[in-house]
Amino acid sequence: MKNAVEKMEKEQLELIGDNHISTNVETPLRHDAFVKSDQQKIEAIQKYFAKIMEELGLDLTDDSLSGTPYRFAKMYVKELFYGLDPSKKPKISTFNNKYGYKKMLIEQNINIDSACEHHFLPIVGHAHIAYVPNKKVIGLSKINRLVDYYSHRPQVQERLCLQILKDLQQSLETNDVIVVINAKHLCVSSRGIKDKNSFTTTTEYGGVFEDINYRNEFFGSLSSKIDD
Ligand SMILES: [Zn+2]
């Protein structure tokens with residue numbers, strides 16, 4: 001029996017990519033995603049990528065190209081997509097809110113280095129995040145590390161935004177969190193429509209941020225770098 005992807009017309013596959021349709025908040029993973037070790041994955045991907053290069057007509061005996069399949073495989077598993085592996089999730093230690101700080105805390109211009117799951121091309125930009133502490137506070141750099149972790153998997157921007165929000169809400173034991181991401185998608189700027197200037201903004205929030213006054217305070221506090 002043909003699987004769902006095979007049955008789908010090629011045109012429809014392109015449409016899903018160009019419209020950036022996501023099917024789930026969770027990253028769709030196979031049940032056996034972590035049966036193989038990183039090393040085994042690198043060895044397998046190395047072979048497949050060599051095949052892709054060969055199909056493109058490249059001569060892999062050339063000194064400059066011979067190491068590319070290994071470099072590519074290692075980069076995919078260890079760097080670009082390390083965030084697929086839950087065992088690599090940064091430990092998010094929270095502390096009791098001893099100061100009783102009850103106002104908004106904003107962490108802005110957090111780097112987004114991700115990749116779109118429809119084209120495997122970079123998504124680059126910034127996240128701006130705020131929360132109003134309840135009983136827990138979090139080390140500031142932990143927010144950056146969490147963003148880095150969820151970014152380093154094949155993504156759609158809407159899901160990335162939601163995954164960060166949900167994790168922070170859970171870790172901080174409050175719904176009072178807002179996440180905004182501004183990012184450029186290379187699949188929009190370098191192929192397809194080839195628009196070099198447009199960028200995408202996604203916003204997810206809960207709790208007090210449902211109140212427009214909180215959102216206004218948050219957006220008012222963002223530096224002018226919001227648009228990059
Ligand atoms: Zn894309």
# chains A, B, ... in the order shown; residues from 1 in each chain; ligands from 1
>>> residues_around(residues="Asn97 of chain A", least_positions_apart="2", cutoff="6 Å", atoms="only C-alpha atoms", output="list in words")
Tyr99, Gly100, Lys135, Lys136 and Val137 of chain A
>>> write_last_selection(atoms="N, CA and C atoms", output="PDB file, in the first residue's frame")
ATOM      1  N   TYR A  99      12.520  37.540  45.967  1.00  0.00           N
ATOM      2  CA  TYR A  99      12.387  39.007  46.006  1.00  0.00           C
ATOM      3  C   TYR A  99      10.931  39.428  45.977  1.00  0.00           C
ATOM      4  N   GLY A 100      10.073  38.495  45.578  1.00  0.00           N
ATOM      5  CA  GLY A 100       8.667  38.857  45.402  1.00  0.00           C
ATOM      6  C   GLY A 100       8.486  39.770  44.211  1.00  0.00           C
ATOM      7  N   LYS A 135       5.406  32.155  41.582  1.00  0.00           N
ATOM      8  CA  LYS A 135       6.254  31.660  42.681  1.00  0.00           C
ATOM      9  C   LYS A 135       7.677  31.397  42.218  1.00  0.00           C
ATOM     10  N   LYS A 136       7.853  31.226  40.889  1.00  0.00           N
ATOM     11  CA  LYS A 136       9.156  30.805  40.358  1.00  0.00           C
ATOM     12  C   LYS A 136       9.780  31.878  39.470  1.00  0.00           C
ATOM     13  N   VAL A 137      11.111  31.948  39.507  1.00  0.00           N
ATOM     14  CA  VAL A 137      11.854  32.742  38.533  1.00  0.00           C
ATOM     15  C   VAL A 137      12.875  31.819  37.877  1.00  0.00           C
TER      16      VAL A 137
END
>>> residues_around(residues="Ile42 of chain A", least_positions_apart="2", cutoff="9 Å", atoms="only C-alpha atoms", output="list in words")
Ser37, Asp38, Gln39, Gln40, Ala44, Ile45, Gln46, Lys47, Tyr70, Phe72, Ala73, Lys74, Met75, Tyr76, Val77 and Lys78 of chain A
>>> write_last_selection(atoms="N, CA and C atoms", output="mmCIF file, in the first residue's frame")
data_model
loop_
_atom_site.group_PDB
_atom_site.id
_atom_site.type_symbol
_atom_site.label_atom_id
_atom_site.label_comp_id
_atom_site.auth_asym_id
_atom_site.auth_seq_id
_atom_site.Cartn_x
_atom_site.Cartn_y
_atom_site.Cartn_z
ATOM 1 N N SER A 37 22.272 5.441 17.743
ATOM 2 C CA SER A 37 23.123 6.437 18.395
ATOM 3 C C SER A 37 23.406 7.562 17.404
ATOM 4 N N ASP A 38 23.902 8.687 17.912
ATOM 5 C CA ASP A 38 24.286 9.796 17.028
ATOM 6 C C ASP A 38 25.292 9.318 15.984
ATOM 7 N N GLN A 39 26.231 8.503 16.442
ATOM 8 C CA GLN A 39 27.280 8.035 15.533
ATOM 9 C C GLN A 39 26.687 7.192 14.392
ATOM 10 N N GLN A 40 25.744 6.335 14.745
ATOM 11 C CA GLN A 40 25.088 5.511 13.711
ATOM 12 C C GLN A 40 24.313 6.382 12.728
ATOM 13 N N ALA A 44 24.972 6.786 8.622
ATOM 14 C CA ALA A 44 23.921 6.530 7.628
ATOM 15 C C ALA A 44 23.682 7.765 6.757
ATOM 16 N N ILE A 45 23.549 8.935 7.403
ATOM 17 C CA ILE A 45 23.262 10.171 6.651
ATOM 18 C C ILE A 45 24.415 10.497 5.706
ATOM 19 N N GLN A 46 25.622 10.227 6.172
ATOM 20 C CA GLN A 46 26.812 10.456 5.340
ATOM 21 C C GLN A 46 26.687 9.709 4.006
ATOM 22 N N LYS A 47 26.252 8.458 4.078
ATOM 23 C CA LYS A 47 26.098 7.651 2.857
ATOM 24 C C LYS A 47 25.012 8.219 1.958
ATOM 25 N N TYR A 70 30.440 13.668 5.230
ATOM 26 C CA TYR A 70 30.647 13.510 6.673
ATOM 27 C C TYR A 70 30.358 14.814 7.404
ATOM 28 N N PHE A 72 28.470 17.249 6.491
ATOM 29 C CA PHE A 72 27.031 17.492 6.413
ATOM 30 C C PHE A 72 26.294 16.667 7.476
ATOM 31 N N ALA A 73 26.615 15.383 7.526
ATOM 32 C CA ALA A 73 25.913 14.475 8.455
ATOM 33 C C ALA A 73 26.157 14.884 9.901
ATOM 34 N N LYS A 74 27.407 15.210 10.210
ATOM 35 C CA LYS A 74 27.749 15.587 11.587
ATOM 36 C C LYS A 74 27.041 16.897 11.963
ATOM 37 N N MET A 75 27.022 17.829 11.024
ATOM 38 C CA MET A 75 26.364 19.118 11.254
ATOM 39 C C MET A 75 24.865 18.926 11.514
ATOM 40 N N TYR A 76 24.227 18.050 10.743
ATOM 41 C CA TYR A 76 22.796 17.808 10.941
ATOM 42 C C TYR A 76 22.519 17.223 12.318
ATOM 43 N N VAL A 77 23.256 16.185 12.659
ATOM 44 C CA VAL A 77 22.942 15.451 13.895
ATOM 45 C C VAL A 77 23.395 16.222 15.144
ATOM 46 N N LYS A 78 24.615 16.767 15.095
ATOM 47 C CA LYS A 78 25.201 17.353 16.312
ATOM 48 C C LYS A 78 24.908 18.835 16.480
#
>>> select_by_dssp(residues="segment 128-189 of chain A", states="strand (DSSP E)", output="JSON list (two decimals) with N, CA, C and O atoms, in the first residue's frame")
[["chain", "number", "residue", "atom", "x", "y", "z"],
["A", 128, "HIS", "N", 11.51, 37.50, 21.38],
["A", 128, "HIS", "CA", 11.36, 38.43, 22.50],
["A", 128, "HIS", "C", 10.36, 37.79, 23.45],
["A", 128, "HIS", "O", 9.26, 37.42, 23.01],
["A", 129, "ILE", "N", 10.76, 37.65, 24.69],
["A", 129, "ILE", "CA", 9.95, 36.87, 25.63],
["A", 129, "ILE", "C", 9.77, 37.64, 26.93],
["A", 129, "ILE", "O", 10.70, 38.28, 27.41],
["A", 130, "ALA", "N", 8.57, 37.58, 27.48],
["A", 130, "ALA", "CA", 8.35, 38.19, 28.79],
["A", 130, "ALA", "C", 7.51, 37.26, 29.65],
["A", 130, "ALA", "O", 6.74, 36.45, 29.13],
["A", 131, "TYR", "N", 7.71, 37.40, 30.96],
["A", 131, "TYR", "CA", 6.81, 36.70, 31.87],
["A", 131, "TYR", "C", 6.62, 37.53, 33.13],
["A", 131, "TYR", "O", 7.44, 38.42, 33.44],
["A", 136, "LYS", "N", 7.85, 31.23, 40.89],
["A", 136, "LYS", "CA", 9.16, 30.81, 40.36],
["A", 136, "LYS", "C", 9.78, 31.88, 39.47],
["A", 136, "LYS", "O", 9.08, 32.60, 38.77],
["A", 137, "VAL", "N", 11.11, 31.95, 39.51],
["A", 137, "VAL", "CA", 11.85, 32.74, 38.53],
["A", 137, "VAL", "C", 12.87, 31.82, 37.88],
["A", 137, "VAL", "O", 13.17, 30.73, 38.37],
["A", 138, "ILE", "N", 13.42, 32.29, 36.75],
["A", 138, "ILE", "CA", 14.31, 31.43, 35.98],
["A", 138, "ILE", "C", 15.59, 32.21, 35.68],
["A", 138, "ILE", "O", 15.55, 33.44, 35.54],
["A", 154, "PRO", "N", 13.93, 20.75, 12.76],
["A", 154, "PRO", "CA", 13.14, 21.23, 11.64],
["A", 154, "PRO", "C", 11.85, 21.82, 12.19],
["A", 154, "PRO", "O", 11.17, 21.18, 12.99],
["A", 155, "GLN", "N", 11.54, 23.06, 11.78],
["A", 155, "GLN", "CA", 10.44, 23.77, 12.43],
["A", 155, "GLN", "C", 9.52, 24.47, 11.45],
["A", 155, "GLN", "O", 9.85, 24.66, 10.28],
["A", 177, "VAL", "N", 2.95, 34.33, 30.30],
["A", 177, "VAL", "CA", 4.14, 34.34, 29.46],
["A", 177, "VAL", "C", 3.74, 34.80, 28.05],
["A", 177, "VAL", "O", 2.64, 34.48, 27.60],
["A", 178, "ILE", "N", 4.62, 35.55, 27.41],
["A", 178, "ILE", "CA", 4.40, 35.93, 26.00],
["A", 178, "ILE", "C", 5.67, 35.67, 25.20],
["A", 178, "ILE", "O", 6.79, 35.89, 25.70],
["A", 179, "VAL", "N", 5.52, 35.17, 24.01],
["A", 179, "VAL", "CA", 6.65, 34.88, 23.12],
["A", 179, "VAL", "C", 6.36, 35.51, 21.75],
["A", 179, "VAL", "O", 5.31, 35.24, 21.16],
["A", 180, "VAL", "N", 7.27, 36.35, 21.29],
["A", 180, "VAL", "CA", 7.16, 36.91, 19.94],
["A", 180, "VAL", "C", 8.41, 36.53, 19.16],
["A", 180, "VAL", "O", 9.53, 36.62, 19.68],
["A", 181, "ILE", "N", 8.21, 36.06, 17.95],
["A", 181, "ILE", "CA", 9.36, 35.75, 17.09],
["A", 181, "ILE", "C", 9.24, 36.53, 15.79],
["A", 181, "ILE", "O", 8.18, 36.51, 15.14],
["A", 182, "ASN", "N", 10.32, 37.22, 15.44],
["A", 182, "ASN", "CA", 10.44, 37.85, 14.11],
["A", 182, "ASN", "C", 11.54, 37.12, 13.38],
["A", 182, "ASN", "O", 12.66, 37.04, 13.89],
["A", 183, "ALA", "N", 11.23, 36.58, 12.22],
["A", 183, "ALA", "CA", 12.28, 35.80, 11.54],
["A", 183, "ALA", "C", 12.13, 35.85, 10.02],
["A", 183, "ALA", "O", 11.03, 35.98, 9.49],
["A", 184, "LYS", "N", 13.29, 35.75, 9.41],
["A", 184, "LYS", "CA", 13.34, 35.63, 7.95],
["A", 184, "LYS", "C", 13.48, 34.16, 7.59],
["A", 184, "LYS", "O", 14.21, 33.41, 8.26],
["A", 185, "HIS", "N", 12.79, 33.79, 6.54],
["A", 185, "HIS", "CA", 12.85, 32.40, 6.08],
["A", 185, "HIS", "C", 13.59, 32.38, 4.75],
["A", 185, "HIS", "O", 13.16, 33.02, 3.79]]
>>> residues_near_ligand(ligand="ligand 1", cutoff="6 Å", atoms="only C-alpha atoms and all ligand atoms", output="PyMOL selection string")
chain A and resi 17+116+118-119+187
>>> closest_residue(among="A:Gly220, A:Gly57, A:Pro86, A:Gly125", to="Tyr149 of chain A", atoms="only C-alpha atoms")
A:Pro86
>>> select_by_dssp(residues="segment 128-169 of chain A", states="helix (DSSP H, G or I)", output="list in words")
Leu140, Ser141, Lys142, Ile143, Asn144, Arg145, Leu146, Val147, Asp148, Tyr149, Tyr150, Ser151, Gln157, Glu158, Arg159, Leu160, Cys161, Leu162, Gln163, Ile164, Leu165, Lys166, Asp167, Leu168 and Gln169 of chain A
>>> atom_distance(atom1="atom CA of Gly67 of chain A", atom2="atom CA of Lys41 of chain A")
16.5 Å
>>> atom_distance(atom1="atom CA of Ser221 of chain A", atom2="atom CA of Leu186 of chain A")
28.6 Å
>>> closest_residue(among="A:Glu204, A:Phe209, A:Asn175, A:Pro69", to="Tyr48 of chain A", atoms="only C-alpha atoms")
A:Pro69
>>> atom_distance(atom1="atom CA of Ser151 of chain A", atom2="atom CA of Asp113 of chain A")
6.1 Å
>>> residues_around(residues="Val147 of chain A", least_positions_apart="5", cutoff="12 Å", atoms="only C-alpha atoms", output="PyMOL selection string")
chain A and resi 83+89-90+92+107-114+125-129+140-142+152-153+157+160-168+179-181
>>> closest_residue(among="A:Arg71, A:Leu80, A:Glu9, A:Asp59", to="Glu43 of chain A", atoms="only C-alpha atoms")
A:Arg71
>>> decode(residues="segment 37-51 of chain A", atoms="all heavy atoms", output="CSV table (one decimal), in the first residue's frame")
chain,number,residue,atom,x,y,z
A,37,SER,N,22.3,5.4,17.7
A,37,SER,CA,23.1,6.4,18.4
A,37,SER,C,23.4,7.6,17.4
A,37,SER,O,23.2,7.4,16.2
A,37,SER,CB,24.4,5.8,18.8
A,37,SER,OG,25.2,5.5,17.7
A,38,ASP,N,23.9,8.7,17.9
A,38,ASP,CA,24.3,9.8,17.0
A,38,ASP,C,25.3,9.3,16.0
A,38,ASP,O,25.2,9.7,14.8
A,38,ASP,CB,24.9,10.9,17.8
A,38,ASP,CG,23.8,11.8,18.5
A,38,ASP,OD1,22.6,11.5,18.4
A,38,ASP,OD2,24.2,12.8,19.2
A,39,GLN,N,26.2,8.5,16.4
A,39,GLN,CA,27.3,8.0,15.5
A,39,GLN,C,26.7,7.2,14.4
A,39,GLN,O,27.1,7.3,13.2
A,39,GLN,CB,28.3,7.2,16.3
A,39,GLN,CG,29.7,7.1,15.6
A,39,GLN,CD,30.2,8.5,15.1
A,39,GLN,OE1,30.1,9.5,15.7
A,39,GLN,NE2,30.7,8.5,13.8
A,40,GLN,N,25.7,6.3,14.7
A,40,GLN,CA,25.1,5.5,13.7
A,40,GLN,C,24.3,6.4,12.7
A,40,GLN,O,24.3,6.1,11.5
A,40,GLN,CB,24.1,4.5,14.4
A,40,GLN,CG,24.9,3.4,15.1
A,40,GLN,CD,23.9,2.5,15.9
A,40,GLN,OE1,23.0,3.0,16.6
A,40,GLN,NE2,24.1,1.2,15.8
A,41,LYS,N,23.7,7.4,13.3
A,41,LYS,CA,22.9,8.3,12.4
A,41,LYS,C,23.9,9.1,11.4
A,41,LYS,O,23.6,9.2,10.2
A,41,LYS,CB,22.1,9.3,13.2
A,41,LYS,CG,20.9,8.7,13.9
A,41,LYS,CD,20.2,9.8,14.7
A,41,LYS,CE,19.1,9.1,15.5
A,41,LYS,NZ,18.3,10.1,16.3
A,42,ILE,N,25.0,9.5,12.0
A,42,ILE,CA,25.9,10.2,11.1
A,42,ILE,C,26.5,9.3,10.0
A,42,ILE,O,26.5,9.8,8.9
A,42,ILE,CB,27.1,10.8,12.0
A,42,ILE,CG1,26.6,11.9,12.9
A,42,ILE,CG2,28.3,11.2,11.2
A,42,ILE,CD1,27.6,12.4,14.0
A,43,GLU,N,26.8,8.1,10.4
A,43,GLU,CA,27.3,7.2,9.3
A,43,GLU,C,26.2,6.9,8.2
A,43,GLU,O,26.6,6.9,7.0
A,43,GLU,CB,27.7,5.9,10.0
A,43,GLU,CG,29.1,5.9,10.6
A,43,GLU,CD,29.4,4.8,11.5
A,43,GLU,OE1,28.8,3.7,11.4
A,43,GLU,OE2,30.2,5.0,12.5
A,44,ALA,N,25.0,6.8,8.6
A,44,ALA,CA,23.9,6.5,7.6
A,44,ALA,C,23.7,7.8,6.8
A,44,ALA,O,23.6,7.7,5.5
A,44,ALA,CB,22.6,6.1,8.3
A,45,ILE,N,23.5,8.9,7.4
A,45,ILE,CA,23.3,10.2,6.7
A,45,ILE,C,24.4,10.5,5.7
A,45,ILE,O,24.2,11.0,4.6
A,45,ILE,CB,23.0,11.3,7.6
A,45,ILE,CG1,21.7,11.1,8.4
A,45,ILE,CG2,22.9,12.7,6.9
A,45,ILE,CD1,21.4,12.1,9.5
A,46,GLN,N,25.6,10.2,6.2
A,46,GLN,CA,26.8,10.5,5.3
A,46,GLN,C,26.7,9.7,4.0
A,46,GLN,O,26.9,10.3,2.9
A,46,GLN,CB,28.0,10.0,6.1
A,46,GLN,CG,29.3,10.2,5.4
A,46,GLN,CD,30.5,9.7,6.3
A,46,GLN,OE1,30.3,9.4,7.5
A,46,GLN,NE2,31.7,9.6,5.7
A,47,LYS,N,26.3,8.5,4.1
A,47,LYS,CA,26.1,7.7,2.9
A,47,LYS,C,25.0,8.2,2.0
A,47,LYS,O,25.2,8.3,0.7
A,47,LYS,CB,25.7,6.2,3.2
A,47,LYS,CG,26.9,5.4,3.6
A,47,LYS,CD,26.5,3.9,3.8
A,47,LYS,CE,27.5,3.3,4.8
A,47,LYS,NZ,26.8,2.4,5.7
A,48,TYR,N,23.9,8.6,2.6
A,48,TYR,CA,22.7,9.1,1.8
A,48,TYR,C,23.1,10.4,1.1
A,48,TYR,O,22.7,10.7,0.0
A,48,TYR,CB,21.5,9.3,2.6
A,48,TYR,CG,20.9,8.0,3.2
A,48,TYR,CD1,20.6,7.9,4.5
A,48,TYR,CD2,20.8,6.9,2.4
A,48,TYR,CE1,20.0,6.7,5.1
A,48,TYR,CE2,20.3,5.7,2.9
A,48,TYR,CZ,19.9,5.6,4.3
A,48,TYR,OH,19.4,4.5,4.8
A,49,PHE,N,23.8,11.3,1.9
A,49,PHE,CA,24.1,12.6,1.3
A,49,PHE,C,25.2,12.5,0.2
A,49,PHE,O,25.1,13.2,-0.8
A,49,PHE,CB,24.6,13.6,2.4
A,49,PHE,CG,24.5,15.0,1.9
A,49,PHE,CD1,23.3,15.6,1.6
A,49,PHE,CD2,25.7,15.7,1.7
A,49,PHE,CE1,23.2,16.9,1.1
A,49,PHE,CE2,25.6,17.0,1.1
A,49,PHE,CZ,24.4,17.6,0.8
A,50,ALA,N,26.1,11.5,0.3
A,50,ALA,CA,27.0,11.3,-0.8
A,50,ALA,C,26.3,10.9,-2.0
A,50,ALA,O,26.6,11.3,-3.1
A,50,ALA,CB,28.0,10.2,-0.4
A,51,LYS,N,25.2,10.1,-1.8
A,51,LYS,CA,24.4,9.7,-3.0
A,51,LYS,C,23.7,10.9,-3.6
A,51,LYS,O,23.6,11.0,-4.8
A,51,LYS,CB,23.3,8.7,-2.4
A,51,LYS,CG,22.8,7.7,-3.4
A,51,LYS,CD,23.7,6.6,-3.9
A,51,LYS,CE,23.2,6.0,-5.1
A,51,LYS,NZ,24.3,5.9,-6.1
